[in-house]
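Listing of final.cif, mmCIF, C-alpha atoms (C1' of nucleotides)
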```
data_input
loop_
_atom_site.label_atom_id
_atom_site.label_comp_id
_atom_site.auth_asym_id
_atom_site.auth_seq_id
_atom_site.Cartn_x
_atom_site.Cartn_y
_atom_site.Cartn_z
CA MET Z 1 58.77 97.27 72.32
CA HIS Z 2 60.93 95.08 70.09
CA ASP Z 3 63.22 98.04 69.58
CA GLU Z 4 64.47 97.77 73.17
CA LEU Z 5 65.34 94.14 72.64
CA PHE Z 6 67.17 94.85 69.39
CA LYS Z 7 69.01 97.76 70.99
CA PHE Z 8 70.20 95.36 73.67
CA ILE Z 9 71.35 92.80 71.11
CA ALA Z 10 73.07 95.56 69.10
CA ARG Z 11 75.60 95.83 71.92
CA HIS Z 12 77.12 92.65 70.55
CA MET Z 13 76.05 92.40 66.89
CA THR Z 14 73.78 93.89 64.25
CA LEU Z 15 70.89 91.66 63.25
CA THR Z 16 69.68 91.17 59.70
CA GLU Z 17 66.01 91.90 58.92
CA GLU Z 18 65.44 88.18 58.53
CA GLU Z 19 66.75 87.57 62.02
CA LYS Z 20 64.68 90.41 63.45
CA ASP Z 21 61.55 89.06 61.77
CA ALA Z 22 62.21 85.64 63.24
CA ILE Z 23 62.35 87.18 66.70
CA ARG Z 24 59.28 89.34 66.14
CA SER Z 25 57.31 86.27 65.08
CA MET Z 26 57.98 84.51 68.35
CA ASP Z 27 55.58 86.44 70.53
CA LEU Z 28 57.87 86.60 73.52
CA PHE Z 29 56.35 89.48 75.49
CA ARG Z 30 54.54 89.07 78.75
CA SER Z 31 52.97 91.70 81.02
CA LEU Z 32 52.95 91.26 84.78
CA LYS Z 33 51.63 93.12 87.79
CA LYS Z 34 53.58 94.24 90.81
CA GLY Z 35 53.92 91.29 93.16
CA ASP Z 36 53.30 88.65 90.47
CA THR Z 37 55.55 85.61 90.79
CA LEU Z 38 57.54 84.22 87.86
CA LEU Z 39 59.23 81.33 89.61
CA LYS Z 40 58.95 79.62 92.98
CA ALA Z 41 61.52 77.69 94.99
CA GLY Z 42 61.24 73.99 94.18
CA GLU Z 43 59.88 74.56 90.69
CA ARG Z 44 61.63 73.54 87.51
CA SER Z 45 61.73 76.04 84.70
CA LYS Z 46 63.37 76.54 81.32
CA ASP Z 47 62.50 80.22 81.05
CA SER Z 48 64.95 83.09 80.68
CA TYR Z 49 63.85 86.69 81.07
CA PHE Z 50 64.74 90.02 79.58
CA VAL Z 51 63.27 93.07 81.29
CA LEU Z 52 61.75 95.67 78.94
CA ARG Z 53 59.90 97.76 81.53
CA GLY Z 54 59.76 97.51 85.29
CA CYS Z 55 61.78 95.53 87.79
CA ILE Z 56 62.01 91.93 88.96
CA ARG Z 57 63.90 90.45 91.89
CA THR Z 58 65.27 87.09 92.96
CA TYR Z 59 64.83 86.13 96.60
CA TYR Z 60 65.30 83.18 98.90
CA ILE Z 61 63.29 82.24 101.96
CA VAL Z 62 65.68 81.60 104.85
CA ASP Z 63 64.21 80.77 108.26
CA GLY Z 64 60.87 82.06 107.03
CA GLU Z 65 62.33 85.40 105.96
CA GLU Z 66 62.73 86.80 102.47
CA ARG Z 67 66.30 87.47 101.40
CA THR Z 68 66.51 89.49 98.21
CA THR Z 69 69.76 88.88 96.33
CA ALA Z 70 69.34 90.63 92.98
CA PHE Z 71 67.28 93.12 91.00
CA PHE Z 72 66.85 93.24 87.23
CA THR Z 73 65.55 96.38 85.54
CA GLU Z 74 65.20 97.71 81.98
CA MET Z 75 67.64 96.14 79.50
CA GLU Z 76 68.83 93.47 81.93
CA ALA Z 77 68.63 89.72 81.30
CA LEU Z 78 68.31 86.80 83.70
CA THR Z 79 68.69 83.10 83.12
CA PRO Z 80 68.03 81.51 86.53
CA PRO Z 81 70.63 78.96 87.66
CA CYS Z 82 67.98 76.21 87.74
CA VAL Z 83 67.52 76.57 83.97
CA ILE Z 84 71.21 75.87 83.39
CA ASN Z 85 71.55 73.12 85.99
CA GLY Z 86 68.24 71.45 85.30
CA THR Z 87 67.61 71.37 89.06
CA PRO Z 88 64.61 72.68 91.03
CA SER Z 89 64.94 76.38 91.77
CA GLU Z 90 66.37 77.45 95.11
CA HIS Z 91 64.87 80.90 94.88
CA TYR Z 92 61.78 82.84 93.91
CA ILE Z 93 61.47 85.48 91.21
CA SER Z 94 58.79 88.13 91.38
CA CYS Z 95 57.92 91.61 90.18
CA VAL Z 96 58.88 94.67 92.22
CA GLU Z 97 56.75 96.81 89.86
CA ASP Z 98 54.35 96.30 86.97
CA THR Z 99 56.68 94.74 84.45
CA ILE Z 100 56.95 93.83 80.77
CA LEU Z 101 59.28 90.95 79.99
CA SER Z 102 60.57 89.06 77.03
CA VAL Z 103 60.42 85.38 77.98
CA SER Z 104 62.10 82.56 76.11
CA ASP Z 105 62.74 78.97 77.09
CA THR Z 106 65.74 76.72 76.47
CA ASP Z 107 64.02 74.77 73.69
CA LEU Z 108 63.20 77.93 71.79
CA GLU Z 109 66.74 79.21 72.19
CA MET Z 110 68.17 75.95 70.87
CA GLU Z 111 65.85 76.17 67.90
CA VAL Z 112 66.97 79.74 67.18
CA ASN Z 113 70.62 78.80 67.61
CA ARG Z 114 70.10 76.05 65.05
CA ARG Z 115 68.45 78.35 62.51
CA PHE Z 116 70.84 81.26 63.12
CA PRO Z 117 74.23 80.04 64.30
CA ARG Z 118 75.23 83.63 65.02
CA PHE Z 119 72.91 83.52 68.02
CA GLU Z 120 75.20 80.99 69.57
CA VAL Z 121 77.97 83.59 69.40
CA LEU Z 122 75.62 86.21 70.79
CA CYS Z 123 74.74 83.99 73.75
CA ARG Z 124 78.37 83.22 74.45
CA MET Z 125 79.32 86.90 74.44
CA GLN Z 126 76.36 87.75 76.60
CA SER Z 127 77.21 85.03 79.16
CA GLU Z 128 80.86 85.97 79.23
CA GLU Z 129 80.07 89.61 79.77
CA LEU Z 130 77.56 88.87 82.51
CA LEU Z 131 80.02 86.51 84.17
CA ALA Z 132 82.70 89.20 84.15
CA ARG Z 133 80.26 91.73 85.62
CA GLN Z 134 79.08 89.25 88.21
CA ARG Z 135 82.67 88.57 89.29
CA ILE Z 136 83.40 92.27 89.67
CA ALA Z 137 80.21 92.81 91.64
CA PHE Z 138 80.96 89.88 93.94
CA ASP Z 139 84.51 91.08 94.49
CA ALA Z 140 83.28 94.58 95.27
CA PHE Z 141 80.79 93.14 97.75
CA LYS Z 142 83.46 91.13 99.54
CA THR Z 143 85.91 93.98 99.77
CA SER Z 144 83.49 96.57 101.17
CA SER Z 145 81.32 97.23 104.22
CA PRO Z 146 77.52 97.53 104.18
CA GLU Z 147 77.86 101.30 104.41
CA GLN Z 148 80.29 101.43 101.48
CA ARG Z 149 77.94 99.20 99.49
CA TYR Z 150 75.04 101.53 100.18
CA ILE Z 151 77.00 104.63 99.18
CA SER Z 152 78.23 102.91 96.05
CA LEU Z 153 74.65 101.93 95.16
CA LEU Z 154 73.69 105.54 95.72
CA HIS Z 155 76.07 106.50 92.93
CA THR Z 156 75.73 103.58 90.51
CA ARG Z 157 72.02 102.75 90.82
CA PRO Z 158 70.21 105.70 92.45
CA ASP Z 159 67.00 104.56 90.75
CA LEU Z 160 66.98 101.33 92.77
CA LEU Z 161 66.86 103.23 96.06
CA GLN Z 162 63.70 104.95 94.80
CA ARG Z 163 61.80 102.08 93.27
CA VAL Z 164 62.64 99.26 95.68
CA PRO Z 165 61.29 98.84 99.26
CA GLN Z 166 63.86 99.30 102.03
CA HIS Z 167 63.60 95.79 103.45
CA GLN Z 168 64.40 94.33 100.02
CA LEU Z 169 67.32 96.70 99.61
CA ALA Z 170 68.60 95.74 103.05
CA SER Z 171 69.02 92.06 102.25
CA TYR Z 172 70.46 93.03 98.87
CA LEU Z 173 73.14 94.89 100.86
CA GLY Z 174 73.57 91.90 103.16
CA ILE Z 175 72.02 93.45 106.29
CA LYS Z 176 68.71 93.76 108.20
CA PRO Z 177 66.20 96.55 107.54
CA GLN Z 178 66.91 98.07 110.97
CA SER Z 179 70.60 98.27 110.15
CA LEU Z 180 69.85 99.99 106.87
CA SER Z 181 67.75 102.60 108.65
CA ARG Z 182 70.51 103.20 111.16
CA LEU Z 183 73.18 103.29 108.48
CA ARG Z 184 71.26 105.92 106.52
CA ALA Z 185 70.71 107.99 109.65
CA ARG Z 186 74.45 107.76 110.34
CA ILE Z 187 75.32 109.02 106.87
CA ILE Z 188 72.88 111.92 107.11
CA ALA Z 189 74.18 112.89 110.57
CA ARG Z 190 77.71 112.88 109.21
CA GLU Z 191 76.71 115.07 106.27
CA ARG Z 192 75.43 117.70 108.67
CA GLY Z 193 78.89 117.76 110.20
CA MET X 1 98.42 66.31 81.52
CA HIS X 2 96.14 66.82 78.54
CA ASP X 3 93.86 64.17 79.96
CA GLU X 4 92.78 66.50 82.75
CA LEU X 5 91.83 69.15 80.21
CA PHE X 6 89.88 66.66 78.08
CA LYS X 7 88.13 65.30 81.15
CA PHE X 8 87.03 68.84 81.96
CA ILE X 9 85.75 69.41 78.44
CA ALA X 10 83.98 66.04 78.52
CA ARG X 11 81.58 67.50 81.06
CA HIS X 12 79.96 69.28 78.14
CA MET X 13 80.89 67.32 74.99
CA THR X 14 83.05 64.51 73.64
CA LEU X 15 85.86 65.67 71.41
CA THR X 16 86.94 63.96 68.20
CA GLU X 17 90.55 62.84 67.86
CA GLU X 18 91.08 65.62 65.34
CA GLU X 19 89.91 68.19 67.85
CA LYS X 20 92.06 66.70 70.58
CA ASP X 21 95.11 66.74 68.31
CA ALA X 22 94.48 70.39 67.51
CA ILE X 23 94.50 71.20 71.22
CA ARG X 24 97.57 69.08 71.88
CA SER X 25 99.46 70.91 69.14
CA MET X 26 98.90 74.27 70.78
CA ASP X 27 101.42 73.95 73.58
CA LEU X 28 99.27 75.62 76.19
CA PHE X 29 100.90 74.45 79.40
CA ARG X 30 102.82 76.68 81.74
CA SER X 31 104.52 75.88 85.05
CA LEU X 32 104.68 78.43 87.82
CA LYS X 33 106.17 78.67 91.29
CA LYS X 34 104.37 79.58 94.49
CA GLY X 35 104.10 83.35 94.63
CA ASP X 36 104.54 83.90 90.89
CA THR X 37 102.28 86.58 89.45
CA LEU X 38 100.17 86.02 86.34
CA LEU X 39 98.51 89.41 86.11
CA LYS X 40 98.91 92.76 87.83
CA ALA X 41 96.41 95.55 88.39
CA GLY X 42 96.61 98.06 85.56
CA GLU X 43 97.83 95.51 83.02
CA ARG X 44 95.92 94.49 79.92
CA SER X 45 95.75 90.81 79.13
CA LYS X 46 93.97 88.45 76.77
CA ASP X 47 94.89 85.29 78.68
CA SER X 48 92.47 82.81 80.18
CA TYR X 49 93.59 80.12 82.57
CA PHE X 50 92.70 76.55 83.36
CA VAL X 51 94.27 75.06 86.48
CA LEU X 52 95.72 71.57 86.05
CA ARG X 53 97.69 71.37 89.30
CA GLY X 54 98.00 73.79 92.18
CA CYS X 55 96.05 76.88 93.11
CA ILE X 56 95.84 80.49 91.96
CA ARG X 57 94.04 83.44 93.52
CA THR X 58 92.70 86.81 92.46
CA TYR X 59 93.25 89.73 94.81
CA TYR X 60 92.85 93.47 94.96
CA ILE X 61 94.97 96.00 96.79
CA VAL X 62 92.69 98.25 98.84
CA ASP X 63 94.29 100.90 101.04
CA GLY X 64 97.59 99.09 100.67
CA GLU X 65 96.12 95.78 101.84
CA GLU X 66 95.61 92.60 99.86
CA ARG X 67 92.00 91.48 99.54
CA THR X 68 91.69 87.97 98.17
CA THR X 69 88.36 87.40 96.42
CA ALA X 70 88.65 84.01 94.72
CA PHE X 71 90.66 80.80 94.51
CA PHE X 72 90.94 78.48 91.53
CA THR X 73 92.19 74.93 91.95
CA GLU X 74 92.42 71.77 89.85
CA MET X 75 89.87 71.61 87.02
CA GLU X 76 88.75 75.21 87.45
CA ALA X 77 88.88 77.86 84.73
CA LEU X 78 89.26 81.62 84.94
CA THR X 79 88.81 84.28 82.31
CA PRO X 80 89.59 87.56 84.09
CA PRO X 81 87.00 90.33 83.61
CA CYS X 82 89.62 92.56 81.94
CA VAL X 83 89.94 90.04 79.10
CA ILE X 84 86.22 90.31 78.37
CA ASN X 85 85.95 94.06 78.86
CA GLY X 86 89.22 94.96 77.18
CA THR X 87 90.00 97.23 80.13
CA PRO X 88 93.08 97.29 82.38
CA SER X 89 92.83 94.75 85.17
CA GLU X 90 91.53 95.87 88.55
CA HIS X 91 93.08 92.93 90.34
CA TYR X 92 96.15 90.74 90.58
CA ILE X 93 96.38 87.02 89.95
CA SER X 94 99.10 84.93 91.54
CA CYS X 95 99.97 81.42 92.58
CA VAL X 96 99.14 80.14 96.06
CA GLU X 97 101.17 77.00 95.33
CA ASP X 98 103.44 75.67 92.61
CA THR X 99 100.98 75.49 89.74
CA ILE X 100 100.58 74.06 86.25
CA LEU X 101 98.18 75.95 84.02
CA SER X 102 96.75 75.76 80.58
CA VAL X 103 96.89 79.30 79.18
CA SER X 104 95.10 80.50 76.07
CA ASP X 105 94.46 83.98 74.77
CA THR X 106 91.42 85.47 73.07
CA ASP X 107 92.98 85.38 69.60
CA LEU X 108 93.78 81.71 69.90
CA GLU X 109 90.27 80.95 71.11
CA MET X 110 88.76 82.84 68.19
CA GLU X 111 90.94 80.86 65.82
CA VAL X 112 89.85 77.58 67.40
CA ASN X 113 86.20 78.65 67.33
CA ARG X 114 86.59 79.34 63.64
CA ARG X 115 88.15 75.97 62.87
CA PHE X 116 85.82 74.02 65.17
CA PRO X 117 82.46 75.74 65.55
CA ARG X 118 81.55 73.28 68.28
CA PHE X 119 83.98 75.10 70.52
CA GLU X 120 81.73 78.10 70.38
CA VAL X 121 78.99 75.94 71.89
CA LEU X 122 81.42 74.61 74.46
CA CYS X 123 82.40 78.12 75.51
CA ARG X 124 78.78 79.21 75.77
CA MET X 125 77.88 76.24 77.95
CA GLN X 126 80.94 76.79 80.08
CA SER X 127 80.16 80.49 80.59
CA GLU X 128 76.53 79.83 81.34
CA GLU X 129 77.38 77.19 83.88
CA LEU X 130 79.99 79.38 85.56
CA LEU X 131 77.58 82.29 85.62
CA ALA X 132 74.94 80.15 87.28
CA ARG X 133 77.45 78.91 89.87
CA GLN X 134 78.71 82.44 90.45
CA ARG X 135 75.15 83.66 91.06
CA ILE X 136 74.50 80.91 93.57
CA ALA X 137 77.78 81.59 95.36
CA PHE X 138 77.08 85.33 95.51
CA ASP X 139 73.56 84.73 96.79
CA ALA X 140 74.88 82.35 99.45
CA PHE X 141 77.44 84.93 100.51
CA LYS X 142 74.83 87.66 100.86
CA THR X 143 72.42 85.53 102.83
CA SER X 144 74.91 84.23 105.39
CA SER X 145 77.22 85.45 108.16
CA PRO X 146 81.02 85.15 108.15
CA GLU X 147 80.73 82.22 110.56
CA GLN X 148 78.20 80.43 108.38
CA ARG X 149 80.42 81.03 105.36
CA TYR X 150 83.38 79.51 107.18
CA ILE X 151 81.42 76.45 108.26
CA SER X 152 80.04 76.02 104.78
CA LEU X 153 83.57 76.24 103.35
CA LEU X 154 84.60 73.63 105.88
CA HIS X 155 82.11 71.25 104.28
CA THR X 156 82.33 72.17 100.61
CA ARG X 157 86.04 72.99 100.22
CA PRO X 158 87.93 71.53 103.19
CA ASP X 159 91.07 71.40 101.03
CA LEU X 160 91.15 75.21 100.75
CA LEU X 161 91.42 75.59 104.53
CA GLN X 162 94.52 73.42 104.38
CA ARG X 163 96.33 74.82 101.39
CA VAL X 164 95.56 78.52 101.71
CA PRO X 165 97.07 80.95 104.31
CA GLN X 166 94.61 82.23 106.92
CA HIS X 167 94.89 85.90 106.00
CA GLN X 168 93.94 85.10 102.40
CA LEU X 169 91.02 82.98 103.58
CA ALA X 170 89.87 85.79 105.82
CA SER X 171 89.37 88.31 103.04
CA TYR X 172 87.82 85.56 100.93
CA LEU X 173 85.25 85.27 103.74
CA GLY X 174 84.87 89.03 103.85
CA ILE X 175 86.56 89.60 107.23
CA LYS X 176 89.95 90.42 108.85
CA PRO X 177 92.47 87.73 109.86
CA GLN X 178 91.91 88.53 113.55
CA SER X 179 88.19 87.95 113.13
CA LEU X 180 88.82 84.62 111.46
CA SER X 181 91.02 83.52 114.37
CA ARG X 182 88.36 84.54 116.86
CA LEU X 183 85.59 82.96 114.82
CA ARG X 184 87.45 79.65 114.73
CA ALA X 185 88.15 79.79 118.45
CA ARG X 186 84.45 80.44 119.01
CA ILE X 187 83.45 77.40 116.97
CA ILE X 188 85.93 75.15 118.79
CA ALA X 189 84.80 76.43 122.18
CA ARG X 190 81.19 75.68 121.22
CA GLU X 191 82.11 72.17 120.11
CA ARG X 192 83.50 71.43 123.53
CA GLY X 193 80.10 72.41 124.95
"C1'" DG V 1 36.68 106.49 104.02
"C1'" DC V 2 37.97 103.15 107.32
"C1'" DC V 3 40.35 99.35 108.97
"C1'" DA V 4 44.03 96.14 108.92
"C1'" DT V 5 48.29 95.05 107.49
"C1'" DT V 6 52.75 95.95 106.18
"C1'" DC V 7 56.62 98.79 106.30
"C1'" DC V 8 59.96 102.03 108.16
"C1'" DT V 9 62.04 103.92 111.91
"C1'" DT V 10 63.65 104.27 116.64
"C1'" DC V 11 65.31 102.47 121.12
"C1'" DA V 12 67.81 99.56 124.37
"C1'" DC V 13 70.54 95.72 124.59
"C1'" DT V 14 73.45 91.82 122.78
"C1'" DT V 15 76.74 89.96 119.81
"C1'" DA V 16 80.22 90.02 116.50
"C1'" DA V 17 83.51 92.31 113.59
"C1'" DG V 18 87.19 96.20 113.21
"C1'" DT V 19 91.40 98.26 115.23
"C1'" DG V 20 95.89 98.63 117.32
"C1'" DA V 21 99.18 96.35 119.82
"C1'" DA V 22 101.89 92.61 121.43
"C1'" DC V 23 103.69 87.91 121.59
"C1'" DG V 24 105.36 83.47 119.97
"C1'" DG V 25 106.39 80.22 116.23
"C1'" DG V 26 108.06 79.01 111.75
"C1'" DG V 27 110.20 79.73 107.58
"C1'" DC V 28 113.52 81.84 104.69
"C1'" DG V 29 117.68 83.96 103.57
"C1'" DG V 30 122.08 85.41 104.81
"C1'" DC K 1 122.95 78.27 112.31
"C1'" DC K 2 121.21 82.53 113.53
"C1'" DG K 3 118.33 86.39 113.00
"C1'" DC K 4 114.64 88.60 110.80
"C1'" DC K 5 110.29 88.88 109.02
"C1'" DC K 6 105.88 87.23 108.22
"C1'" DC K 7 102.10 84.99 110.04
"C1'" DG K 8 98.68 83.49 113.21
"C1'" DT K 9 96.81 84.23 117.55
"C1'" DT K 10 95.36 86.77 121.59
"C1'" DC K 11 93.91 90.91 124.25
"C1'" DA K 12 91.55 95.23 125.27
"C1'" DC K 13 88.79 98.47 123.30
"C1'" DT K 14 85.76 100.62 119.65
"C1'" DT K 15 82.31 100.41 116.28
"C1'" DA K 16 78.72 98.46 113.77
"C1'" DA K 17 75.36 94.90 112.91
"C1'" DG K 18 71.70 91.58 115.02
"C1'" DT K 19 67.62 91.19 118.03
"C1'" DG K 20 63.23 92.19 120.13
"C1'" DA K 21 59.94 95.49 120.90
"C1'" DA K 22 57.16 99.39 119.99
"C1'" DG K 23 55.17 103.38 117.66
"C1'" DG K 24 53.81 105.85 113.64
"C1'" DA K 25 53.27 106.26 108.57
"C1'" DA K 26 51.83 104.46 104.44
"C1'" DT K 27 49.33 101.05 101.64
"C1'" DG K 28 45.93 98.20 100.07
"C1'" DG K 29 41.42 95.96 100.52
"C1'" DC K 30 36.78 96.36 101.51
#
```
How does the structure come out when it is put into structure tokens?
Amino acid sequence: MHDELFKFIARHMTLTEEEKDAIRSMDLFRSLKKGDTLLKAGERSKDSYFVLRGCIRTYYIVDGEERTTAFFTEMEALTPPCVINGTPSEHYISCVEDTILSVSDTDLEMEVNRRFPRFEVLCRMQSEELLARQRIAFDAFKTSSPEQRYISLLHTRPDLLQRVPQHQLASYLGIKPQSLSRLRARIIARERG
Amino acid sequence: MHDELFKFIARHMTLTEEEKDAIRSMDLFRSLKKGDTLLKAGERSKDSYFVLRGCIRTYYIVDGEERTTAFFTEMEALTPPCVINGTPSEHYISCVEDTILSVSDTDLEMEVNRRFPRFEVLCRMQSEELLARQRIAFDAFKTSSPEQRYISLLHTRPDLLQRVPQHQLASYLGIKPQSLSRLRARIIARERG
DNA sequence: GCCATTCCTTCACTTAAGTGAACGGGGCGG
DNA sequence: CCGCCCCGTTCACTTAAGTGAAGGAATGGC
């Protein structure tokens, strides 16, 4: 299980055995069941997550309805905004599937950064890369229609369409479940000619 | 002019005089005219920007049409995704107004990080904070309608509505200029009762 | 295995955004 | 100063998303 985590880190730098041992000794892993909640709106948290197996999602409750805004699957990391801002969370985080996570809190990360200054560099690179990706994703969202977004998801993340319920996908695409149904029917009809 | 930059940095940490002098000696400032272009699609660049006066925007050209996705005004920083990824830029960056920027490239930043390791921490905090803000903004965009986005902009960034042309605002809101006109007319009509 | 609940789809209707065209105003350059 | 072009707005029409309702499939709990 640690191998996945190290593979992820290896994208940016190669760890020494000492560093790996330090991480292994931290006992970061946590197993969760489908539907389990990691964070609720209004709560304060210092925890960051790294998904080893499964899928988690962030969602808001707007006018009593769930609005899913992001999914995180294998090899993806999430530090919720509330951890950075020190404010109560605006959103929920819960498991789309049975999930295994690596969980670490701000205090632990500061401790590690102190012991191994290279981790500071690692975190900076990771944040910068995520920020760049987030910008591109946001730009792509703004410059495309729901149908284009769906088709693009079909190509870039076909797994999501399989493992995630339609109504969660719909809000992820910025539309209602009914519109997603219709949109898919439209695409299929067009494929037939 | 440097004061603005130091004030921005002070959000995260207080610099020593030595550190400030190092920054002052770098000659980072650059003046640009309205309409000037900083980066074109297809170009490679290592430059990051910090806006001291004025306003810059990122935009894509889709089917021959400009699609503005972001604005950066006083005290806002931008590291384009292409700088992080080392890939050619997908978008353009140009000045909405006469603008004064602080410009620094990756090499310079690495050099500074080497001389003053605290800058590494500064950069990490900055990236993390921007990432958190970007997430929140993206989530808000997904969970609201064009009209709600406009009204929210009216409250959070009223200056943008004044200084930015309508057709650029429109794509920023994810719609066409005609729709923005109509949307505004609709809001005004509703205000009258 | 059965029931209840949730989820997905479909339908009819409403509302809002996209499209193409036209007009008027303002700014910029000649 | 004049003319041209760009911009913002408006209009008529098309297309797609929102809404409310209903039916059927799938899921989970007992």
Item to complete: Dump as an MDAnalysis selection string the residues of chain X that approach chain K to within 12 Å, counting only C-alpha atoms (C1' of nucleotides).
Response: chainID X and resid 145 165:168 170 176:185
Worksheet item: Closest to Glu65 of chain Z among Z:Arg163, Z:Ser171, Z:Ile100, Z:Leu131, using only C-alpha atoms?
Response: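 That would be Z:Ser171, the residue with the smallest distance to Glu65 of chain Z.
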Worksheet item: Quick one: which residues end up in the PyMOL selection byres ((chain V) within 12 of (chain Z)) for this structure, as a PyMOL selection string?
Response: chain V and resi 6-11+17-18
Select from chain Z every residue with an atom at most 10 Å from any atom of chain X, then for each give the shortest pair of atoms and their distance in Å to one decimal, using only C-alpha atoms, rows by chain and rising number, as a Markdown table.
```
| residue | atom | partner | partner_atom | distance |
| --- | --- | --- | --- | --- |
| Z:Thr58 | CA | X:Asp139 | CA | 9.4 |
| Z:Tyr59 | CA | X:Asp139 | CA | 8.8 |
| Z:Tyr60 | CA | X:Thr143 | CA | 8.5 |
| Z:Ile61 | CA | X:Thr143 | CA | 9.7 |
| Z:Val62 | CA | X:Thr143 | CA | 8.1 |
| Z:Glu66 | CA | X:Thr143 | CA | 9.8 |
| Z:Arg67 | CA | X:Thr143 | CA | 6.6 |
| Z:Thr68 | CA | X:Thr143 | CA | 8.5 |
| Z:Thr69 | CA | X:Asp139 | CA | 5.6 |
| Z:Ala70 | CA | X:Asp139 | CA | 8.2 |
| Z:Thr79 | CA | X:Ala132 | CA | 8.1 |
| Z:Pro80 | CA | X:Ala132 | CA | 7.1 |
| Z:Pro81 | CA | X:Ala132 | CA | 4.5 |
| Z:Cys82 | CA | X:Ala132 | CA | 8.0 |
| Z:Val83 | CA | X:Ala132 | CA | 8.9 |
| Z:Ile84 | CA | X:Glu129 | CA | 6.3 |
| Z:Asn85 | CA | X:Glu129 | CA | 7.4 |
| Z:Glu90 | CA | X:Ile136 | CA | 9.0 |
| Z:His91 | CA | X:Asp139 | CA | 9.7 |
| Z:Asn113 | CA | X:Val121 | CA | 9.8 |
| Z:Pro117 | CA | X:Pro117 | CA | 9.4 |
| Z:Glu120 | CA | X:Val121 | CA | 6.7 |
| Z:Val121 | CA | X:Glu120 | CA | 6.7 |
| Z:Leu122 | CA | X:Arg124 | CA | 9.2 |
| Z:Cys123 | CA | X:Arg124 | CA | 6.6 |
| Z:Arg124 | CA | X:Arg124 | CA | 4.2 |
| Z:Met125 | CA | X:Arg124 | CA | 7.8 |
| Z:Gln126 | CA | X:Arg124 | CA | 8.9 |
| Z:Ser127 | CA | X:Ser127 | CA | 5.6 |
| Z:Glu128 | CA | X:Ser127 | CA | 5.7 |
| Z:Glu129 | CA | X:Ile84 | CA | 6.3 |
| Z:Leu130 | CA | X:Leu131 | CA | 7.3 |
| Z:Leu131 | CA | X:Leu131 | CA | 5.1 |
| Z:Ala132 | CA | X:Pro81 | CA | 4.5 |
| Z:Arg133 | CA | X:Pro81 | CA | 7.2 |
| Z:Gln134 | CA | X:Gln134 | CA | 7.2 |
| Z:Arg135 | CA | X:Pro81 | CA | 7.4 |
| Z:Ile136 | CA | X:Pro81 | CA | 7.3 |
| Z:Ala137 | CA | X:Phe138 | CA | 9.0 |
| Z:Phe138 | CA | X:Phe138 | CA | 6.2 |
| Z:Asp139 | CA | X:Thr69 | CA | 5.7 |
| Z:Ala140 | CA | X:Thr69 | CA | 8.9 |
| Z:Phe141 | CA | X:Gly174 | CA | 8.4 |
| Z:Lys142 | CA | X:Gly174 | CA | 5.0 |
| Z:Thr143 | CA | X:Gly174 | CA | 6.5 |
| Z:Ser144 | CA | X:Gly174 | CA | 8.1 |
| Z:Ser145 | CA | X:Gly174 | CA | 8.9 |
| Z:Ser171 | CA | X:Thr143 | CA | 7.4 |
| Z:Tyr172 | CA | X:Lys142 | CA | 7.2 |
| Z:Leu173 | CA | X:Lys142 | CA | 7.4 |
| Z:Gly174 | CA | X:Lys142 | CA | 5.0 |
| Z:Ile175 | CA | X:Lys142 | CA | 8.4 |
```
Discussion item. What does the structure give for the distance between atom CA of Ser48 of chain X and atom CA of Ser104 of chain X, in Å to one decimal?
Written reply: 5.4 Å
Fill in: One-decimal distance in Å that lies between atom CA of Arg190 of chain Z and atom CA of Glu147 of chain Z
12.5 Å
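The space between atom C1' of DC13 of chain V and atom CA of Ser152 of chain X spans 29.5 Å.
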Could you get me a file of segment 17-29 of chain V with C-alpha atoms (C1' of nucleotides), as an mmCIF file, in the first residue's frame, taken from the block above?
```
data_model
loop_
_atom_site.group_PDB
_atom_site.id
_atom_site.type_symbol
_atom_site.label_atom_id
_atom_site.label_comp_id
_atom_site.auth_asym_id
_atom_site.auth_seq_id
_atom_site.Cartn_x
_atom_site.Cartn_y
_atom_site.Cartn_z
ATOM 1 C "C1'" DA V 17 -29.041 30.852 -23.341
ATOM 2 C "C1'" DG V 18 -27.285 30.493 -28.400
ATOM 3 C "C1'" DT V 19 -27.558 32.403 -33.129
ATOM 4 C "C1'" DG V 20 -27.813 35.684 -36.840
ATOM 5 C "C1'" DA V 21 -28.916 40.127 -37.990
ATOM 6 C "C1'" DA V 22 -29.424 44.970 -37.480
ATOM 7 C "C1'" DC V 23 -28.924 49.484 -35.315
ATOM 8 C "C1'" DG V 24 -26.824 53.264 -32.778
ATOM 9 C "C1'" DG V 25 -22.993 55.234 -30.121
ATOM 10 C "C1'" DG V 26 -18.226 56.003 -29.133
ATOM 11 C "C1'" DG V 27 -13.554 55.821 -29.928
ATOM 12 C "C1'" DC V 28 -9.608 55.805 -32.809
ATOM 13 C "C1'" DG V 29 -7.006 56.804 -36.717
#
```
